[in-house]
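For reference, the structure is listed below as structure tokens.
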There are 2 protein chains.
Amino acid sequence: MTQMEEAKRGVITEEMKKIAKIEKIDPEKLRRSVAKGHTVIFRNVNHDWVVPVAVGQGVRVKVNANIGTSRDIVNVEEEIEKAKIAVKYGADTIMDLSTGGDLDFIRRKIMKAVNVPVGTVPIYQAAEEMLARGKAIIEMTEDDMWKAVEKHFKDGVDFVTIHAGVTKEVVEKLKRVNRVVGMVSRGGTFLAAWILHWGEENPFYKNYEYLLELAKEYDVVLSLGDGLRPGGLPDAGDELQIAELYTIGRLVKRAREFGVQTMVEGPGHVPIDQIPTHIRLMKIASDNAPVYVLGPIVTDIFPGYDHISAAIGGAIAALNGADFLCYVTPAEHLGLPTIEHVKEGVIATKIAAHAVNLTRFEEDFKIDYQMSLARGKLNWKEQFKIAFDKEKFIEIRKERPTKSEACSMCGDLCAIKIVREMLGHKARS
Amino acid sequence: MTQMEEAKRGVITEEMKKIAKIEKIDPEKLRRSVAKGHTVIFRNVNHDWVVPVAVGQGVRVKVNANIGTSRDIVNVEEEIEKAKIAVKYGADTIMDLSTGGDLDFIRRKIMKAVNVPVGTVPIYQAAEEMLARGKAIIEMTEDDMWKAVEKHFKDGVDFVTIHAGVTKEVVEKLKRVNRVVGMVSRGGTFLAAWILHWGEENPFYKNYEYLLELAKEYDVVLSLGDGLRPGGLPDAGDELQIAELYTIGRLVKRAREFGVQTMVEGPGHVPIDQIPTHIRLMKIASDNAPVYVLGPIVTDIFPGYDHISAAIGGAIAALNGADFLCYVTPAEHLGLPTIEHVKEGVIATKIAAHAVNLTRFEEDFKIDYQMSLARGKLNWKEQFKIAFDKEKFIEIRKERPTKSEACSMCGDLCAIKIVREMLGHKARS
């Protein structure tokens, strides 16, 4: 029985109890939200060693880090290291998007390396295996696609991106609509190409109920992928994106009847003033399903700094209701990220998520409060202890040393020091 | 005659014409806004070689970079290099906040090294010269303070931070109010300590009209500093901050009667959901004076990454009406920034400013449009040409190479490539 089915029956599962304890929230409230599909719980029945995580209403905004090999760079050890670094710096989940090397081996290795929930995009494997066999992607059979899905489910993957909203209808529309960047979703494109080539409907849409049966069996969360998300600011909010969103909204509601957990994926590239509208529309179209956004980045002209462009967009998205932020690394739009890029991407996204969480959860605000207290006392040991990235803290303090008890920015002209000495102002403790 | 006086008389000055041309806006609209004090123009009458810059209503959001020596680190060449790097990566103005070495020499050197407007905080010099002479800061005489101000004005400084809102009344209040981080404004603290020690009123408040006469003579923009800005999220929006803001609001209106240009400085450290309120209140209290914010950072626990925390806060501030973003570097709260930190800080802040500007100015949006177009065509040369930081672009492309015509993230599985090949989709040109 899925978490959602249990919740509907009024049962507070072990997973709900665990999550409620970690997040310090009311388990009954969590249960009600899971029952309605407003919150999902990542916990494939086969993923015994995972610490379950909830995404959605009433819980903290979460951060996902995408890792995985590519056709150009296959270095399994590096990917394992990326997974560990991502978790160390605050990723709540990992997605293995590998498309190079032995995909089954890599996925299983990564899943064993960490205990956070893991997501995948099964169609990548179906497509990659075509190329590996010297075939074209569109030569995938429906059976190949379903096999990939089932394999991932059996392996214990907790959530999968399925582009069930890339329908024949919207692909026909794509041919007519003038887009600047066409499609940028890999999985979405594989399916669009397949649909166009064979003249057939998207198997995940056509046989959606079969997908639901499978998802139910393993309690996998379906992350309904936005294959038609904008690939640049000029395409944001166009009719293709919104048409697909409403298809996805319908699919969410159908899944709920089956007791299957779903999320809605969102853009991508969005002008900063449009972000609240995008997020609210996603919530409206899906009757408040958890919203999972990739960024969004708020400008396209800063390659090398897309983690910052995405942190801005992600923070605004989260403030307006997005529940789950997929990180973006400095390597986005340029290449496969390095371990260092992964770290930078996770931290930038964590800042966005934490900035919103601290406005909603007293526990989270307290950490910032403690830091302010330590600063007010010029207590550097305490500041170090609270600092999210301690290595970075030490690195800069050492690189730019001071002779004073303050820092090398102000030295003896430190405002805090002067307040303390001259005004006899005592900081709160 | 100041830009504001000219504007009030209906004159479109040479500076207004230049700015209108650069920003591609209507010079008459700019004039009207300058006349009302809703926009300021940086152009000290003695700063012949400066390219004037406008900040406020109807013009682009601008970025300032703080540089300058400290008591711990005096390296004039490094500061010159910082000024140049800051301008190279998009700083519209520089503030020289030097507090170590020969301050007059350094300020003049920096002003000669760049042609953007330069701001300072004259009270720093008055205070530093006390320490240099083995005295206590509070031993400054009123005359010392005025001398510093006049020297900077004569040197051609285009805008100065003056903490005229740190009144005797608010300092008395500070003793009673429980703050977590007390005061974090250096200039504000020097004055607060001075007021408390001598029992005298803040000279810049008491003799505000003398300040206005001086500012008028050189047409220096007074940036009314928020000496009582919060130094941590818990102090944001407290009665001290808001009391000072309303004093500053009064001072803005008095300055307008004198034909003197003013801006209002803002926080600092603000929870993300409070930012719109802070900015709107600043606009209300000052009758729409240009708003100059320092960040604000939206969390305190990520030292080493405050440029990102500030980019998030700055973007939201700008979206809600802030006109001028002071950058924050990764070294904030840890030490004096290096040249590399300055670069990182400027770019992060530039992202925030550009993200908002592109929603208001077609010309700015066009750059992103061109980038999207280049991406849709997998035209890497064009992407390189448009990329804001070309060195970074090349660095990552080289570090993570691909054998495909796409990038090493997707290689031959590139969505854009597949769309082009399989769907025959033609990007717009």
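Quick note on naming: the chains in the structure tokens go A, B, ... in the order shown, residues restart at 1 in each chain, and ligands are numbered from 1 in order of appearance.
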Given only C-alpha atoms, how would the per-residue table for chain A near chain B read, listing every residue at most 6 Å away with its closest atom pair and distance in Å to one decimal, sorted by chain and number, as a tab-separated table?
```
residue	atom	partner	partner_atom	distance
A:Ser70	CA	B:Met409	CA	5.9
A:Arg71	CA	B:Gly411	CA	5.9
A:Asp72	CA	B:Ser408	CA	5.4
A:Val180	CA	B:Ala427	CA	5.6
A:Val181	CA	B:Gly376	CA	4.3
A:Val184	CA	B:Ala415	CA	5.1
A:Ser185	CA	B:Ala415	CA	5.9
A:Arg186	CA	B:Ala415	CA	4.7
A:Thr189	CA	B:Ala415	CA	5.7
A:Ala193	CA	B:Met422	CA	5.7
A:Gly232	CA	B:Ser372	CA	5.3
A:Val298	CA	B:Ala355	CA	5.6
A:Thr299	CA	B:Ala355	CA	5.6
A:Asp300	CA	B:Asp368	CA	5.4
A:Ile301	CA	B:Ala387	CA	5.3
A:Phe302	CA	B:Phe388	CA	5.4
A:Gly304	CA	B:Lys392	CA	5.8
A:Ile312	CA	B:Ile312	CA	4.6
A:Leu334	CA	B:Arg397	CA	5.7
A:Gly335	CA	B:Ser408	CA	4.5
A:Leu336	CA	B:Met409	CA	4.2
A:Ala355	CA	B:Thr299	CA	5.6
A:Asp368	CA	B:Asp300	CA	5.4
A:Ser372	CA	B:Gly232	CA	5.3
A:Leu373	CA	B:Val180	CA	5.7
A:Gly376	CA	B:Val181	CA	4.3
A:Ala387	CA	B:Ile301	CA	5.3
A:Phe388	CA	B:Phe302	CA	5.4
A:Lys392	CA	B:Gly304	CA	5.8
A:Phe393	CA	B:Gly304	CA	5.9
A:Arg397	CA	B:Leu334	CA	5.7
A:Arg400	CA	B:Gly335	CA	5.6
A:Thr402	CA	B:Asp72	CA	5.6
A:Cys407	CA	B:Gly335	CA	5.1
A:Ser408	CA	B:Gly335	CA	4.5
A:Met409	CA	B:Leu336	CA	4.2
A:Gly411	CA	B:Arg71	CA	5.9
A:Ala415	CA	B:Arg186	CA	4.7
A:Ile416	CA	B:Val184	CA	5.8
A:Met422	CA	B:Ala193	CA	5.7
A:Ala427	CA	B:Val180	CA	5.6
A:Arg428	CA	B:Val180	CA	5.6
```
- Message: With only C-alpha atoms as the counted atoms, please give the residues lying no more than 9 Å from Leu222 in chain A, apart from itself and same-chain residues fewer than 3 positions off, as an MDAnalysis selection string.
- Response: chainID A and resid 158:162 212 215 225 252 255 260:264
Output the selection as a compact mmCIF listing (two decimals), in the first residue's frame - N, CA, C and O atoms for each residue.
```txt
# COMPACT_ATOMS: atom_id res chain seq x y z
N ASP A 158 13.24 6.24 -5.79
CA ASP A 158 12.12 6.79 -5.03
C ASP A 158 11.22 7.72 -5.82
O ASP A 158 10.05 7.87 -5.52
N PHE A 159 11.81 8.38 -6.82
CA PHE A 159 10.97 9.22 -7.69
C PHE A 159 11.56 9.22 -9.09
O PHE A 159 12.78 9.13 -9.26
N VAL A 160 10.68 9.28 -10.07
CA VAL A 160 11.13 9.27 -11.47
C VAL A 160 10.44 10.38 -12.24
O VAL A 160 9.27 10.68 -12.00
N THR A 161 11.20 10.97 -13.14
CA THR A 161 10.60 11.94 -14.04
C THR A 161 10.03 11.18 -15.23
O THR A 161 10.73 10.40 -15.88
N ILE A 162 8.74 11.39 -15.46
CA ILE A 162 8.06 10.77 -16.59
C ILE A 162 7.38 11.89 -17.38
O ILE A 162 6.61 12.67 -16.81
N LEU A 212 0.60 3.87 -13.56
CA LEU A 212 0.10 4.05 -12.20
C LEU A 212 0.14 2.73 -11.42
O LEU A 212 0.50 2.70 -10.24
N ALA A 215 3.74 2.19 -10.45
CA ALA A 215 4.16 3.15 -9.41
C ALA A 215 3.56 2.77 -8.07
O ALA A 215 4.19 2.90 -7.02
N GLY A 225 7.17 15.30 -15.72
CA GLY A 225 8.19 16.19 -16.30
C GLY A 225 7.63 17.16 -17.31
O GLY A 225 6.74 16.82 -18.09
N VAL A 252 -2.21 14.30 -12.68
CA VAL A 252 -2.04 14.32 -11.22
C VAL A 252 -3.33 13.84 -10.56
O VAL A 252 -3.31 12.98 -9.66
N ALA A 255 -3.91 10.18 -10.93
CA ALA A 255 -3.00 9.40 -10.07
C ALA A 255 -3.52 9.36 -8.64
O ALA A 255 -3.43 8.34 -7.96
N VAL A 260 -1.62 7.01 -6.11
CA VAL A 260 -0.21 7.16 -6.50
C VAL A 260 0.23 8.60 -6.28
O VAL A 260 -0.48 9.54 -6.63
N GLN A 261 1.41 8.75 -5.70
CA GLN A 261 1.94 10.08 -5.39
C GLN A 261 2.56 10.74 -6.63
O GLN A 261 3.27 10.08 -7.38
N THR A 262 2.29 12.03 -6.79
CA THR A 262 2.83 12.76 -7.95
C THR A 262 3.33 14.15 -7.56
O THR A 262 2.88 14.74 -6.58
N MET A 263 4.26 14.63 -8.38
CA MET A 263 4.71 16.02 -8.30
C MET A 263 4.61 16.60 -9.71
O MET A 263 4.54 15.85 -10.69
N VAL A 264 4.67 17.93 -9.78
CA VAL A 264 4.65 18.61 -11.07
C VAL A 264 5.98 19.33 -11.25
O VAL A 264 6.41 20.06 -10.36
```
>> List as a PyMOL selection string the protein and nucleic acid residues near Val63 in chain A, meaning an atom at most 9 Å away when only C-alpha atoms are counted, but skip any in the same chain fewer than 3 places from it.
In response: chain A and resi 90-94+323-327+346+349-350+353
Item to check | Contacts of Arg108 in chain B within 10 Å, only C-alpha atoms, excl. fewer than 3 positions in-chain, as a ChimeraX atom specification | outcome: /B:96,103-105,111-113,152,155-157
Filtering to C-alpha atoms, could you give me those residues as a PDB file, in the first residue's frame?
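Wrote it out as result25.pdb, contents follow:
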```pdb
ATOM      1  CA  ASP B  96      36.314  53.959  -1.793  1.00  0.00           C
ATOM      2  CA  LEU B 103      43.661  58.114   2.540  1.00  0.00           C
ATOM      3  CA  ASP B 104      43.864  61.262   0.407  1.00  0.00           C
ATOM      4  CA  PHE B 105      46.440  59.681  -1.876  1.00  0.00           C
ATOM      5  CA  MET B 111      39.340  58.248  -8.787  1.00  0.00           C
ATOM      6  CA  LYS B 112      41.929  58.614 -11.526  1.00  0.00           C
ATOM      7  CA  ALA B 113      41.975  54.878 -12.271  1.00  0.00           C
ATOM      8  CA  HIS B 152      36.049  64.757  -0.374  1.00  0.00           C
ATOM      9  CA  ASP B 155      38.262  66.130  -4.685  1.00  0.00           C
ATOM     10  CA  GLY B 156      35.267  65.434  -6.890  1.00  0.00           C
ATOM     11  CA  VAL B 157      33.568  62.604  -5.011  1.00  0.00           C
TER      12      VAL B 157
END
```
- Query: Which of range 219-341 of chain B counts as strand (DSSP E) under DSSP, as a VMD selection string please?
  - Reply: chain B and resid 221 to 224 262 to 266 291 to 294 324 to 326
| message | Env of Tyr218 in chain A: 9 Å cut, atoms = only C-alpha atoms, seq-sep filter 2 positions within chain, self excluded. Answer as a ChimeraX atom specification. | response | /A:1-2,43-46,153-154,156-158,214-216,220
Same residues, N, CA and C atoms, saved as a tab-separated table (two decimals), in the first residue's frame:
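result-v6.tsv, freshly written:
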```
chain	number	residue	atom	x	y	z
A	1	MET	N	0.84	-1.20	0.00
A	1	MET	CA	0.00	0.00	0.00
A	1	MET	C	0.88	1.25	0.00
A	2	THR	N	0.51	2.25	-0.80
A	2	THR	CA	1.35	3.45	-0.87
A	2	THR	C	1.13	4.34	0.35
A	43	ARG	N	9.94	7.16	-0.75
A	43	ARG	CA	10.31	5.93	-0.05
A	43	ARG	C	9.82	4.74	-0.87
A	44	ASN	N	10.61	4.36	-1.86
A	44	ASN	CA	10.31	3.16	-2.64
A	44	ASN	C	10.29	1.97	-1.67
A	45	VAL	N	9.33	1.09	-1.81
A	45	VAL	CA	9.24	-0.04	-0.87
A	45	VAL	C	10.50	-0.90	-0.88
A	46	ASN	N	11.25	-0.86	-2.00
A	46	ASN	CA	12.49	-1.64	-2.07
A	46	ASN	C	13.73	-0.87	-1.58
A	153	PHE	N	12.22	1.06	-10.91
A	153	PHE	CA	11.29	0.90	-9.78
A	153	PHE	C	11.77	-0.25	-8.89
A	154	LYS	N	12.13	-1.36	-9.53
A	154	LYS	CA	12.57	-2.54	-8.77
A	154	LYS	C	13.84	-2.26	-7.99
A	156	GLY	N	14.59	0.31	-6.51
A	156	GLY	CA	14.34	1.11	-5.32
A	156	GLY	C	14.39	2.61	-5.53
A	157	VAL	N	14.37	3.04	-6.79
A	157	VAL	CA	14.37	4.49	-7.06
A	157	VAL	C	13.10	5.10	-6.47
A	158	ASP	N	13.24	6.24	-5.79
A	158	ASP	CA	12.12	6.79	-5.03
A	158	ASP	C	11.22	7.72	-5.82
A	214	LEU	N	2.23	0.29	-11.88
A	214	LEU	CA	3.63	0.03	-11.53
A	214	LEU	C	4.07	0.91	-10.36
A	215	ALA	N	3.74	2.19	-10.45
A	215	ALA	CA	4.16	3.15	-9.41
A	215	ALA	C	3.56	2.77	-8.07
A	216	LYS	N	2.34	2.28	-8.13
A	216	LYS	CA	1.64	1.87	-6.91
A	216	LYS	C	2.35	0.69	-6.25
A	220	VAL	N	6.46	4.50	-5.92
A	220	VAL	CA	7.38	5.48	-6.51
A	220	VAL	C	6.59	6.77	-6.77
```
Inset, instruction - Please measure the separation of CA of Ala86 in chain B and CA of Lys343 in chain B, giving the value in Å to one decimal. - result: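 CA of Ala86 in chain B sits 6.0 Å away from CA of Lys343 in chain B.
Atom pair CA of Asp238 in chain B / CA of Lys173 in chain B has a distance of 11.5 Å (rounded to one decimal).
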**Q.** Residues near Asp143 in chain A, cut-off 12 Å, only C-alpha atoms, skip fewer than 4 positions along chain, as a PyMOL selection string
**A.** chain A and resi 123+126+139+147-151+203-204+207
CA of His38 in chain A to CA of Asn288 in chain A measures 5.6 Å
Check: Got a sec to tell me which of range 54-274 of chain A DSSP assigns to alpha helix (DSSP H), as a ChimeraX atom specification?
Finding: /A:76-88,103-113,122-132,142-155,168-176,186-198,203-206,208-218,239-258
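Each of A:Arg133, A:His47, A:Lys8, A:Lys88 was compared to Glu28 in chain A using only C-alpha atoms, and A:Lys8 turns out to be the nearest.
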